file model-v7.csv (CSV, C-alpha atoms and all ligand atoms)
chain,number,residue,atom,x,y,z
A,1,MET,CA,69.7,86.1,-136.3
A,2,LYS,CA,69.0,82.7,-137.9
A,3,TYR,CA,70.5,79.7,-136.0
A,4,HIS,CA,71.2,76.5,-137.8
A,5,TYR,CA,70.6,74.3,-134.8
A,6,LYS,CA,67.9,73.9,-132.2
A,7,ARG,CA,68.6,76.4,-129.5
A,8,ASP,CA,66.3,74.6,-127.1
A,9,ALA,CA,68.5,71.5,-127.2
A,10,ILE,CA,71.5,73.3,-125.7
A,11,LYS,CA,69.7,75.6,-123.3
A,12,PRO,CA,70.0,73.1,-120.3
A,13,LEU,CA,73.8,72.9,-120.7
A,14,PRO,CA,75.8,74.7,-118.0
A,15,ILE,CA,77.4,77.8,-119.5
A,16,LYS,CA,80.2,78.2,-117.0
A,17,PRO,CA,82.7,75.7,-118.4
A,18,PHE,CA,82.6,77.5,-121.7
A,19,LEU,CA,83.4,80.9,-120.3
A,20,ASN,CA,87.0,80.0,-119.2
A,21,MET,CA,88.0,78.0,-122.2
A,22,VAL,CA,90.7,80.3,-123.5
A,23,LYS,CA,92.1,80.9,-120.0
A,24,ASP,CA,92.1,77.1,-119.3
A,25,ARG,CA,93.8,76.4,-122.6
A,26,ASN,CA,96.5,78.9,-122.0
A,27,GLN,CA,97.2,77.4,-118.5
A,28,VAL,CA,97.6,73.9,-120.1
A,29,ILE,CA,100.0,75.3,-122.7
A,30,GLU,CA,101.9,77.1,-119.9
A,31,ARG,CA,102.4,73.8,-118.0
A,32,ALA,CA,103.3,71.7,-121.1
A,33,GLU,CA,106.8,70.6,-122.0
A,34,ALA,CA,108.7,72.9,-124.4
A,35,VAL,CA,109.2,70.0,-126.8
A,36,MET,CA,106.2,68.9,-128.9
A,37,PRO,CA,105.2,65.3,-128.0
A,38,ARG,CA,105.5,62.8,-130.8
A,39,THR,CA,102.5,60.6,-131.4
A,40,GLU,CA,102.7,57.5,-133.5
A,41,PHE,CA,99.5,55.7,-134.3
A,42,ASN,CA,99.4,51.9,-134.0
A,43,ALA,CA,98.1,51.6,-137.6
A,44,ASN,CA,101.2,53.6,-138.8
A,45,ILE,CA,103.6,51.5,-136.8
A,46,LEU,CA,102.0,48.3,-138.3
A,47,ALA,CA,102.0,49.8,-141.8
A,48,ALA,CA,105.7,50.6,-141.5
A,49,LYS,CA,106.5,47.0,-140.4
A,50,LEU,CA,104.5,45.4,-143.2
A,51,HIS,CA,105.5,47.7,-146.0
A,52,PRO,CA,109.1,48.9,-145.4
A,53,GLU,CA,110.6,50.7,-148.3
A,54,ILE,CA,114.0,49.2,-147.7
A,55,GLN,CA,115.2,46.2,-145.7
A,56,TYR,CA,118.8,45.6,-145.0
A,57,VAL,CA,119.8,42.0,-145.0
A,58,ARG,CA,122.8,39.7,-144.9
A,59,ILE,CA,123.3,36.4,-146.7
A,60,SER,CA,123.6,33.9,-143.9
A,61,ASP,CA,123.8,30.7,-146.0
A,62,ILE,CA,123.8,29.6,-149.7
A,63,LYS,CA,122.6,26.2,-150.9
A,64,ASP,CA,123.7,25.0,-154.3
A,65,HIS,CA,121.3,23.2,-156.6
A,66,GLY,CA,123.5,23.0,-159.7
A,67,ASP,CA,122.4,25.8,-162.1
A,68,ALA,CA,120.5,27.5,-159.3
A,69,LYS,CA,121.2,28.6,-155.7
A,70,THR,CA,119.1,29.4,-152.7
A,71,PHE,CA,120.1,32.4,-150.7
A,72,ILE,CA,119.1,32.7,-147.0
A,73,LEU,CA,118.6,36.4,-146.1
A,74,VAL,CA,118.6,37.5,-142.5
A,75,PRO,CA,118.0,41.0,-141.1
A,76,ASP,CA,121.1,43.1,-140.7
A,77,GLU,CA,120.7,44.8,-137.3
A,78,LYS,CA,123.9,46.7,-137.8
A,79,ARG,CA,122.3,48.7,-140.6
A,80,GLY,CA,118.9,49.1,-138.9
A,81,THR,CA,116.8,46.1,-139.8
A,82,ARG,CA,115.8,44.2,-136.7
A,83,GLU,CA,113.2,41.9,-138.2
A,84,LEU,CA,111.9,41.2,-141.7
A,85,ALA,CA,108.4,42.2,-142.9
A,86,TYR,CA,105.8,39.5,-143.0
A,87,PHE,CA,104.5,38.5,-146.4
A,88,ARG,CA,101.8,36.5,-148.2
A,89,ALA,CA,103.0,33.2,-149.8
A,90,GLY,CA,103.5,34.1,-153.5
A,91,GLN,CA,104.9,37.7,-153.0
A,92,TYR,CA,108.3,38.9,-154.1
A,93,ILE,CA,111.0,41.2,-153.0
A,94,SER,CA,113.2,43.3,-155.3
A,95,VAL,CA,116.9,43.0,-154.7
A,96,SER,CA,119.2,46.0,-155.4
A,97,LEU,CA,122.3,45.0,-157.2
A,98,ASP,CA,125.3,47.1,-158.2
A,99,PHE,CA,128.0,45.4,-160.4
A,100,GLU,CA,130.0,45.8,-163.5
A,101,GLY,CA,127.1,45.1,-165.8
A,102,GLY,CA,124.8,47.7,-164.2
A,103,THR,CA,122.9,49.0,-161.3
A,104,MET,CA,119.5,47.4,-161.0
A,105,CYS,CA,116.7,46.1,-158.8
A,106,LYS,CA,115.5,42.5,-159.7
A,107,PRO,CA,112.3,40.9,-158.4
A,108,TYR,CA,112.6,37.4,-156.9
A,109,ALA,CA,109.7,35.4,-155.4
A,110,ILE,CA,110.2,34.7,-151.7
A,111,ARG,CA,110.5,30.9,-151.5
A,112,SER,CA,110.3,30.4,-147.8
A,113,ASN,CA,107.3,29.8,-145.5
A,114,PRO,CA,105.8,33.1,-144.4
A,115,LYS,CA,106.0,31.9,-140.8
A,116,ASP,CA,109.8,32.0,-141.1
A,117,ALA,CA,109.6,35.8,-141.4
A,118,LEU,CA,107.9,36.1,-138.0
A,119,GLY,CA,109.5,36.7,-134.6
A,120,GLU,CA,112.8,38.3,-133.7
A,121,LYS,CA,114.9,35.1,-133.7
A,122,ASN,CA,115.9,33.2,-136.8
A,123,ASN,CA,113.6,35.2,-139.1
A,124,HIS,CA,114.6,34.9,-142.7
A,125,TYR,CA,113.6,34.9,-146.3
A,126,MET,CA,114.8,32.4,-148.9
A,127,ILE,CA,115.1,33.2,-152.5
A,128,THR,CA,116.1,30.7,-155.2
A,129,VAL,CA,117.8,32.1,-158.3
A,130,LYS,CA,118.2,30.0,-161.4
A,131,ARG,CA,120.7,30.8,-164.2
A,132,ASN,CA,119.1,32.6,-167.0
A,133,ILE,CA,120.7,32.7,-170.5
A,134,THR,CA,120.2,36.5,-170.9
A,135,GLY,CA,120.3,37.3,-167.1
A,136,LEU,CA,123.2,39.5,-166.1
A,137,ALA,CA,121.7,39.8,-162.6
A,138,SER,CA,121.3,36.0,-162.1
A,139,ASP,CA,124.9,35.4,-163.4
A,140,TYR,CA,126.1,38.0,-160.9
A,141,MET,CA,124.1,36.5,-158.0
A,142,LEU,CA,125.1,33.0,-158.8
A,143,ASP,CA,128.8,33.7,-159.5
A,144,CYS,CA,129.7,36.5,-157.2
A,145,LEU,CA,127.5,36.6,-154.0
A,146,LYS,CA,128.9,34.9,-151.0
A,147,VAL,CA,127.9,34.2,-147.4
A,148,GLY,CA,128.2,37.4,-145.3
A,149,ASP,CA,127.5,39.8,-148.2
A,150,GLU,CA,125.1,42.6,-147.5
A,151,LEU,CA,122.1,43.4,-149.6
A,152,GLU,CA,119.3,45.9,-149.8
A,153,ILE,CA,115.9,44.6,-150.6
A,154,SER,CA,112.4,46.0,-150.8
A,155,GLY,CA,109.5,45.1,-148.6
A,156,PRO,CA,107.3,42.2,-149.8
A,157,LEU,CA,105.4,43.2,-153.0
A,158,GLY,CA,102.9,41.8,-155.6
A,159,GLU,CA,99.4,40.4,-155.7
A,160,PHE,CA,100.2,36.8,-156.7
A,161,TYR,CA,98.8,35.1,-153.6
A,162,TYR,CA,95.7,33.2,-152.7
A,163,GLN,CA,92.6,35.3,-152.0
A,164,LYS,CA,89.8,33.3,-150.5
A,165,PHE,CA,87.0,35.6,-151.6
A,166,ARG,CA,88.1,35.4,-155.2
A,167,ASP,CA,89.9,32.1,-155.8
A,168,GLU,CA,88.4,28.7,-155.7
A,169,LYS,CA,89.3,26.4,-152.8
A,170,HIS,CA,91.5,24.3,-155.1
A,171,VAL,CA,94.4,25.9,-157.0
A,172,VAL,CA,96.0,24.2,-160.0
A,173,ALA,CA,99.5,25.7,-160.5
A,174,LEU,CA,101.4,25.7,-163.8
A,175,ALA,CA,105.1,26.1,-163.0
A,176,GLY,CA,108.2,26.2,-165.1
A,177,GLY,CA,111.8,26.5,-164.0
A,178,SER,CA,112.3,28.9,-161.1
A,179,GLY,CA,108.6,29.7,-161.4
A,180,ILE,CA,108.2,26.9,-158.9
A,181,THR,CA,109.3,29.3,-156.1
A,182,PRO,CA,106.1,31.1,-155.2
A,183,PHE,CA,104.2,27.8,-155.3
A,184,TYR,CA,106.8,26.3,-153.0
A,185,SER,CA,106.0,29.0,-150.5
A,186,MET,CA,102.3,28.4,-150.9
A,187,ALA,CA,102.8,24.7,-150.3
A,188,ALA,CA,104.8,25.4,-147.2
A,189,ALA,CA,102.1,27.8,-145.9
A,190,ILE,CA,99.5,25.1,-146.5
A,191,VAL,CA,101.5,22.5,-144.6
A,192,SER,CA,102.0,24.9,-141.6
A,193,GLY,CA,98.3,25.9,-141.6
A,194,ILE,CA,98.8,29.5,-142.6
A,195,GLU,CA,96.9,29.1,-145.9
A,196,ASP,CA,93.7,27.1,-146.3
A,197,PHE,CA,93.4,25.8,-149.8
A,198,ASP,CA,94.4,22.7,-151.8
A,199,LEU,CA,97.2,22.9,-154.3
A,200,THR,CA,98.0,20.7,-157.3
A,201,ILE,CA,101.3,21.8,-158.9
A,202,LEU,CA,102.0,20.7,-162.5
A,203,TYR,CA,105.7,21.4,-162.7
A,204,GLY,CA,107.3,21.4,-166.2
A,205,SER,CA,111.0,20.5,-166.5
A,206,ARG,CA,113.1,19.3,-169.4
A,207,THR,CA,114.4,16.2,-167.7
A,208,SER,CA,114.1,14.5,-164.3
A,209,GLU,CA,117.7,15.4,-163.5
A,210,GLY,CA,116.9,19.1,-164.0
A,211,ILE,CA,114.0,19.3,-161.6
A,212,LEU,CA,114.6,22.2,-159.2
A,213,LEU,CA,113.9,21.5,-155.5
A,214,LYS,CA,112.6,18.0,-156.3
A,215,ASP,CA,113.4,16.5,-152.8
A,216,GLU,CA,112.1,19.5,-150.9
A,217,LEU,CA,108.8,19.5,-152.9
A,218,GLU,CA,108.4,15.7,-152.2
A,219,GLU,CA,108.9,16.4,-148.5
A,220,LEU,CA,106.2,19.1,-148.5
A,221,GLU,CA,103.8,16.9,-150.4
A,222,ARG,CA,104.4,14.1,-147.8
A,223,LYS,CA,103.7,16.4,-144.9
A,224,SER,CA,100.6,18.0,-146.5
A,225,ASP,CA,98.1,15.4,-145.6
A,226,GLY,CA,96.9,15.2,-149.2
A,227,ARG,CA,96.4,19.0,-149.6
A,228,VAL,CA,99.5,19.5,-151.8
A,229,LYS,CA,100.1,17.3,-154.9
A,230,VAL,CA,103.1,17.7,-157.2
A,231,VAL,CA,103.0,16.3,-160.8
A,232,HIS,CA,106.3,16.4,-162.7
A,233,VAL,CA,105.9,16.9,-166.4
A,234,LEU,CA,109.1,16.3,-168.5
A,235,SER,CA,109.3,17.8,-172.0
A,236,HIS,CA,112.5,16.0,-173.1
A,237,GLU,CA,112.4,12.7,-171.4
A,238,GLU,CA,109.9,9.8,-171.1
A,239,LYS,CA,110.2,8.1,-167.7
A,240,GLU,CA,107.9,6.0,-165.5
A,241,GLY,CA,106.2,7.9,-162.8
A,242,TYR,CA,106.4,11.2,-164.7
A,243,GLU,CA,104.1,12.9,-167.2
A,244,HIS,CA,105.6,13.5,-170.6
A,245,GLY,CA,105.0,16.6,-172.8
A,246,PHE,CA,103.7,20.1,-171.9
A,247,LEU,CA,101.3,21.7,-169.5
A,248,THR,CA,98.4,21.2,-171.8
A,249,ALA,CA,94.6,21.6,-171.2
A,250,GLU,CA,94.3,17.8,-171.4
A,251,LEU,CA,96.9,17.4,-168.6
A,252,ILE,CA,95.2,20.1,-166.5
A,253,ALA,CA,91.8,18.4,-167.0
A,254,LYS,CA,93.3,15.1,-165.9
A,255,TYR,CA,94.5,16.4,-162.5
A,256,ALA,CA,92.0,19.3,-161.7
A,257,PRO,CA,88.9,18.9,-159.7
A,258,GLU,CA,85.5,20.3,-161.0
A,259,LYS,CA,86.1,23.8,-159.7
A,260,TYR,CA,89.6,25.4,-159.5
A,261,SER,CA,91.6,28.5,-160.1
A,262,LEU,CA,94.6,28.4,-162.4
A,263,PHE,CA,97.8,30.1,-161.2
A,264,ILE,CA,100.7,30.4,-163.7
A,265,CYS,CA,104.4,31.3,-163.0
A,266,GLY,CA,107.4,30.5,-165.2
A,267,PRO,CA,109.3,31.6,-168.3
A,268,LYS,CA,107.6,34.1,-170.5
A,269,PRO,CA,106.3,31.6,-173.2
A,270,LEU,CA,104.4,29.8,-170.4
A,271,TYR,CA,102.1,32.8,-169.9
A,272,ALA,CA,100.8,32.8,-173.5
A,273,PHE,CA,100.6,29.0,-173.6
A,274,GLY,CA,98.8,28.9,-170.2
A,275,ASP,CA,96.2,31.5,-171.5
A,276,GLU,CA,95.5,29.3,-174.6
A,277,GLN,CA,95.0,26.2,-172.4
A,278,ALA,CA,92.7,28.2,-170.0
A,279,LYS,CA,90.6,29.3,-173.1
A,280,LYS,CA,90.3,25.6,-174.2
A,281,LEU,CA,89.2,24.7,-170.8
A,282,GLY,CA,86.6,27.5,-170.8
A,283,LEU,CA,88.0,29.1,-167.6
A,284,LYS,CA,86.8,32.6,-166.8
A,285,ARG,CA,89.3,35.4,-166.7
A,286,LYS,CA,89.0,35.8,-162.9
A,287,SER,CA,89.9,32.1,-162.5
A,288,VAL,CA,93.3,32.6,-164.1
A,289,ARG,CA,96.1,34.4,-162.1
A,290,LYS,CA,99.5,35.1,-163.5
A,291,GLU,CA,102.7,36.2,-161.8
A,292,LEU,CA,104.2,39.3,-163.4
A,293,PRO,CA,106.5,38.3,-166.3
A,294,GLY,CA,109.4,40.7,-165.7
A,295,ASP,CA,111.5,42.4,-168.4
A,296,TYR,CA,109.7,42.7,-171.7
A,297,ILE,CA,111.5,41.1,-174.7
A,298,ASN,CA,111.2,41.3,-178.5
A,299,PRO,CA,109.0,44.4,-178.8
A,300,GLN,CA,109.8,44.4,-182.6
A,301,LYS,CA,107.5,41.4,-183.0
A,302,ASN,CA,104.5,43.5,-182.1
A,303,GLU,CA,102.2,44.7,-185.0
A,304,ASP,CA,102.2,48.3,-183.7
A,305,TYR,CA,106.0,48.5,-183.3
A,306,PRO,CA,107.1,51.8,-184.9
A,307,ALA,CA,108.5,51.4,-188.4
A,308,GLY,CA,112.1,52.2,-189.1
A,309,ILE,CA,113.5,52.1,-185.5
A,310,GLU,CA,114.6,48.5,-185.3
A,311,GLY,CA,118.4,48.1,-184.8
A,312,LYS,CA,118.9,51.9,-184.1
A,313,THR,CA,120.5,53.6,-181.2
A,314,PHE,CA,119.2,57.0,-179.8
A,315,ARG,CA,120.3,59.6,-177.3
A,316,LEU,CA,118.4,59.7,-174.0
A,317,LYS,CA,118.7,62.6,-171.6
A,318,VAL,CA,118.0,61.5,-168.0
A,319,HIS,CA,117.1,64.2,-165.4
A,320,ILE,CA,117.6,62.5,-162.0
A,321,GLY,CA,118.4,63.9,-158.6
A,322,GLY,CA,119.1,67.4,-159.9
A,323,LYS,CA,121.6,66.1,-162.5
A,324,ILE,CA,121.2,65.6,-166.3
A,325,THR,CA,123.0,62.6,-167.8
A,326,GLU,CA,123.0,61.8,-171.5
A,327,ILE,CA,123.2,58.1,-172.4
A,328,GLN,CA,122.8,55.9,-175.5
A,329,ILE,CA,119.8,53.7,-175.8
A,330,ARG,CA,119.3,50.8,-178.2
A,331,SER,CA,115.8,50.4,-179.7
A,332,ASP,CA,115.6,46.9,-178.2
A,333,GLN,CA,116.4,48.1,-174.6
A,334,THR,CA,113.7,49.3,-172.3
A,335,ILE,CA,114.4,52.8,-171.0
A,336,LEU,CA,115.0,51.2,-167.5
A,337,GLN,CA,117.6,48.8,-168.9
A,338,ALA,CA,119.5,51.5,-170.7
A,339,MET,CA,119.7,53.6,-167.5
A,340,GLU,CA,120.8,50.6,-165.5
A,341,ALA,CA,123.5,49.7,-168.0
A,342,SER,CA,124.8,53.3,-167.6
A,343,HIS,CA,124.8,52.8,-163.8
A,344,ILE,CA,122.0,55.3,-163.2
A,345,LYS,CA,120.2,54.3,-160.0
A,346,ALA,CA,116.6,54.5,-161.2
A,347,PRO,CA,113.8,53.1,-159.1
A,348,SER,CA,112.0,49.9,-160.1
A,349,HIS,CA,110.5,46.8,-158.6
A,350,CYS,CA,108.2,44.7,-160.8
A,351,ARG,CA,109.9,45.4,-164.1
A,352,SER,CA,106.5,44.6,-165.8
A,353,GLY,CA,104.8,48.0,-166.1
A,354,GLU,CA,102.5,47.2,-163.2
A,355,CYS,CA,103.7,48.6,-159.8
A,356,GLY,CA,104.3,52.2,-160.9
A,357,TRP,CA,107.5,52.4,-158.9
A,358,CYS,CA,109.6,53.6,-161.9
A,359,HIS,CA,107.0,56.2,-162.9
A,360,SER,CA,108.8,59.0,-164.8
A,361,LYS,CA,107.9,62.0,-166.9
A,362,LEU,CA,108.6,62.1,-170.6
A,363,LEU,CA,110.0,65.6,-171.3
A,364,SER,CA,110.5,65.3,-175.0
A,365,GLY,CA,110.7,62.7,-177.8
A,366,ASN,CA,108.6,59.7,-178.5
A,367,VAL,CA,108.5,56.3,-176.9
A,368,TYR,CA,107.0,53.0,-177.8
A,369,ILE,CA,104.9,51.2,-175.1
A,370,PRO,CA,103.7,47.7,-175.9
A,371,GLN,CA,99.9,47.5,-175.1
A,372,ASP,CA,100.1,44.4,-173.1
A,373,VAL,CA,102.4,46.0,-170.5
A,374,ASP,CA,100.9,49.5,-170.5
A,375,GLY,CA,99.8,49.7,-166.8
A,376,ARG,CA,99.4,53.5,-166.8
A,377,ARG,CA,96.3,55.3,-165.6
A,378,MET,CA,94.4,57.8,-167.8
A,379,ALA,CA,96.0,60.7,-166.0
A,380,ASP,CA,99.5,59.4,-166.8
A,381,LEU,CA,98.6,59.2,-170.4
A,382,LYS,CA,97.2,62.7,-170.4
A,383,PHE,CA,100.2,64.3,-168.6
A,384,GLY,CA,103.0,62.4,-170.3
A,385,TRP,CA,104.0,59.9,-167.6
A,386,ILE,CA,105.6,56.6,-168.5
A,387,HIS,CA,106.9,53.5,-166.9
A,388,PRO,CA,110.5,53.2,-168.1
A,389,CYS,CA,110.5,49.4,-167.4
A,390,ALA,CA,107.9,49.0,-170.1
A,391,ALA,CA,108.8,51.8,-172.6
A,392,TYR,CA,111.3,51.9,-175.5
A,393,ALA,CA,112.8,55.0,-177.1
A,394,ALA,CA,111.4,55.6,-180.6
A,395,GLY,CA,113.9,58.4,-181.3
A,396,ASP,CA,116.0,60.8,-179.2
A,397,ALA,CA,114.2,61.6,-175.9
A,398,ALA,CA,114.4,63.1,-172.5
A,399,ILE,CA,112.8,61.9,-169.3
A,400,GLU,CA,112.7,63.0,-165.7
A,401,VAL,CA,113.1,60.2,-163.1
A,402,TYR,CA,112.1,60.5,-159.4
A,403,PRO,CA,114.6,58.4,-157.5
A,404,VAL,CA,113.8,56.9,-154.1
A,405,ILE,CA,115.6,59.1,-151.5
A,406,LYS,CA,116.8,57.1,-148.5
A,407,GLU,CA,116.9,58.7,-145.1
A,408,GLN,CA,120.7,58.6,-144.9
A,409,ASP,CA,121.2,60.0,-148.5
B,1,LIG,S1,109.1,48.8,-162.1
B,1,LIG,FE1,107.0,48.4,-161.7
B,1,LIG,S2,106.0,49.7,-163.2
B,1,LIG,FE2,108.1,49.9,-163.7

call {"tool": "encode", "arguments": {"input": "model-v7.csv", "output": "structure tokens", "more": "lines below"}}
Ligand code: FES
result
Amino acid sequence: MKYHYKRDAIKPLPIKPFLNMVKDRNQVIERAEAVMPRTEFNANILAAKLHPEIQYVRISDIKDHGDAKTFILVPDEKRGTRELAYFRAGQYISVSLDFEGGTMCKPYAIRSNPKDALGEKNNHYMITVKRNITGLASDYMLDCLKVGDELEISGPLGEFYYQKFRDEKHVVALAGGSGITPFYSMAAAIVSGIEDFDLTILYGSRTSEGILLKDELEELERKSDGRVKVVHVLSHEEKEGYEHGFLTAELIAKYAPEKYSLFICGPKPLYAFGDEQAKKLGLKRKSVRKELPGDYINPQKNEDYPAGIEGKTFRLKVHIGGKITEIQIRSDQTILQAMEASHIKAPSHCRSGECGWCHSKLLSGNVYIPQDVDGRRMADLKFGWIHPCAAYAAGDAAIEVYPVIKEQD
């Protein structure tokens, strides 16, 4: 017989303990408890704490800023959430909403300091929601939610945070409107020593009156020991002490040090505008980081938009949770928006074609997917998977959606 090991090496080993192995094992089994012990590994316990699928929260306070409100969210122990998951400054949560206009999940950047999510006492998240002309969800949150209301939110998500091995030690932020919120969290994290980089925020608003969180930003700047600087840029007002105009390459060059990373968060037009300015400044792609833009708009403006579908309505069959529902879908609605408007509880988080949470199978028909939000992998393309948050019906179609099943469902 040919052995695949060196027999000489094991010859000195005593043979006796090996002779009774089966007998010994049977005795151990005999003595054991009838119930199988449950083992939980520390890594799994930590992963569950950092990445919970759902967190149950209550609104403990609401602060009014005029056309925006800040909601303080605390864990709802009654429904099983004892503490909130820790997050990196710049991440978001998606909030599940169910109201007359639809059933949806909307992403909101966590505005608070990450340290406020630590510990069992007083841990909370803050989100600030600004009224948005086309925003059903923001209208609902601003007009209907009140202190004491219960919400379901996701764990912290997204990659829009400082990464010291990739980003420069100095970050220049371009912010517009409620796009200030992730930068607010970063500034708070710098002030409390959680993050170690310098931050210059160029914050665009129409007028000085309309600057969101102005006093709070000033306070952070004061406490930051020079590490956080906020420059207000007004597009519709000229006033001493403020920059006037837009967040242009010239303005960035005026305030930026020699080496920096450019972070962008704000209304959709700011992303394309920010890209143009970055190009003028000769910044490399890796030096420009953008928050996900959310719901896609105006697909008909794209050159590859299918001819003859603009303004049409189609039928969409949705297979979900063992049921088939037929709904109407307009050609300017994403498949996700059409399902939400029909109160179908479809999973989603980023609403930007990126996270894959809404991943669904196209069973029949054609869809249009704008190239700039097509975050699918090669295998998805090959086997007909789509992201309904970034796909439009180009005719009658059918899809199969895989909903998130909660333990109590
Ligand atoms: S919700 Fe993230 S890819 Fe659709």

call {"tool": "residues_near_ligand", "arguments": {"input": "model-v7.csv", "ligand": "ligand LIG 1 (chain B)", "cutoff": "9 Å", "atoms": "all atoms listed in the file", "output": "ChimeraX atom specification"}}
result
/A:105,294,336,347-359,373-376,386-390

call {"tool": "atom_distance", "arguments": {"input": "model-v7.csv", "atom1": "CA of Asp116 (chain A)", "atom2": "CA of Glu53 (chain A)"}}
result
20.1 Å

call {"tool": "atom_distance", "arguments": {"input": "model-v7.csv", "atom1": "CA of Ser360 (chain A)", "atom2": "CA of Met339 (chain A)"}}
result
12.5 Å

call {"tool": "residues_around", "arguments": {"input": "model-v7.csv", "residues": "Arg131 (chain A)", "least_positions_apart": "6", "cutoff": "10 Å", "atoms": "only C-alpha atoms", "output": "PDB file with C-alpha atoms, keeping the file's coordinate frame"}}
result
ATOM      1  CA  GLY A  66     123.500  23.000-159.700  1.00  0.00           C
ATOM      2  CA  ASP A  67     122.400  25.800-162.100  1.00  0.00           C
ATOM      3  CA  ALA A  68     120.500  27.500-159.300  1.00  0.00           C
ATOM      4  CA  LYS A  69     121.200  28.600-155.700  1.00  0.00           C
ATOM      5  CA  ALA A 137     121.700  39.800-162.600  1.00  0.00           C
ATOM      6  CA  SER A 138     121.300  36.000-162.100  1.00  0.00           C
ATOM      7  CA  ASP A 139     124.900  35.400-163.400  1.00  0.00           C
ATOM      8  CA  TYR A 140     126.100  38.000-160.900  1.00  0.00           C
ATOM      9  CA  MET A 141     124.100  36.500-158.000  1.00  0.00           C
ATOM     10  CA  LEU A 142     125.100  33.000-158.800  1.00  0.00           C
ATOM     11  CA  ASP A 143     128.800  33.700-159.500  1.00  0.00           C
ATOM     12  CA  GLY A 177     111.800  26.500-164.000  1.00  0.00           C
ATOM     13  CA  SER A 178     112.300  28.900-161.100  1.00  0.00           C
TER      14      SER A 178
END

call {"tool": "closest_residue", "arguments": {"input": "model-v7.csv", "among": "A:Ile127, A:Leu262, A:Ile59, A:Ile93", "to": "Glu150 (chain A)", "atoms": "all atoms listed in the file"}}
result
A:Ile59

call {"tool": "build_atoms", "arguments": {"input": "model-v7.csv", "residues": "region 322-333 of chain A", "atoms": "N, CA and C atoms", "output": "PDB file, keeping the file's coordinate frame"}}
result
ATOM      1  N   GLY A 322     118.535  66.066-159.650  1.00  0.00           N
ATOM      2  CA  GLY A 322     119.100  67.400-159.900  1.00  0.00           C
ATOM      3  C   GLY A 322     120.232  67.357-160.946  1.00  0.00           C
ATOM      4  N   LYS A 323     120.530  66.152-161.509  1.00  0.00           N
ATOM      5  CA  LYS A 323     121.600  66.100-162.500  1.00  0.00           C
ATOM      6  C   LYS A 323     120.974  65.649-163.879  1.00  0.00           C
ATOM      7  N   ILE A 324     121.671  66.022-164.943  1.00  0.00           N
ATOM      8  CA  ILE A 324     121.200  65.600-166.300  1.00  0.00           C
ATOM      9  C   ILE A 324     122.350  64.733-166.868  1.00  0.00           C
ATOM     10  N   THR A 325     122.015  63.510-167.238  1.00  0.00           N
ATOM     11  CA  THR A 325     123.000  62.600-167.800  1.00  0.00           C
ATOM     12  C   THR A 325     122.531  62.202-169.212  1.00  0.00           C
ATOM     13  N   GLU A 326     123.411  62.278-170.203  1.00  0.00           N
ATOM     14  CA  GLU A 326     123.000  61.800-171.500  1.00  0.00           C
ATOM     15  C   GLU A 326     123.576  60.432-171.777  1.00  0.00           C
ATOM     16  N   ILE A 327     122.724  59.506-172.167  1.00  0.00           N
ATOM     17  CA  ILE A 327     123.200  58.100-172.400  1.00  0.00           C
ATOM     18  C   ILE A 327     122.708  57.658-173.779  1.00  0.00           C
ATOM     19  N   GLN A 328     123.262  56.534-174.210  1.00  0.00           N
ATOM     20  CA  GLN A 328     122.800  55.900-175.500  1.00  0.00           C
ATOM     21  C   GLN A 328     121.786  54.850-175.117  1.00  0.00           C
ATOM     22  N   ILE A 329     120.802  54.724-175.992  1.00  0.00           N
ATOM     23  CA  ILE A 329     119.800  53.700-175.800  1.00  0.00           C
ATOM     24  C   ILE A 329     119.506  52.955-177.080  1.00  0.00           C
ATOM     25  N   ARG A 330     119.596  51.620-177.037  1.00  0.00           N
ATOM     26  CA  ARG A 330     119.300  50.800-178.200  1.00  0.00           C
ATOM     27  C   ARG A 330     117.758  50.646-178.308  1.00  0.00           C
ATOM     28  N   SER A 331     117.266  50.479-179.531  1.00  0.00           N
ATOM     29  CA  SER A 331     115.800  50.400-179.700  1.00  0.00           C
ATOM     30  C   SER A 331     115.242  49.103-179.060  1.00  0.00           C
ATOM     31  N   ASP A 332     116.095  48.108-178.793  1.00  0.00           N
ATOM     32  CA  ASP A 332     115.600  46.900-178.200  1.00  0.00           C
ATOM     33  C   ASP A 332     115.763  46.853-176.666  1.00  0.00           C
ATOM     34  N   GLN A 333     116.223  47.977-176.091  1.00  0.00           N
ATOM     35  CA  GLN A 333     116.400  48.100-174.600  1.00  0.00           C
ATOM     36  C   GLN A 333     115.230  48.850-174.054  1.00  0.00           C
TER      37      GLN A 333
END
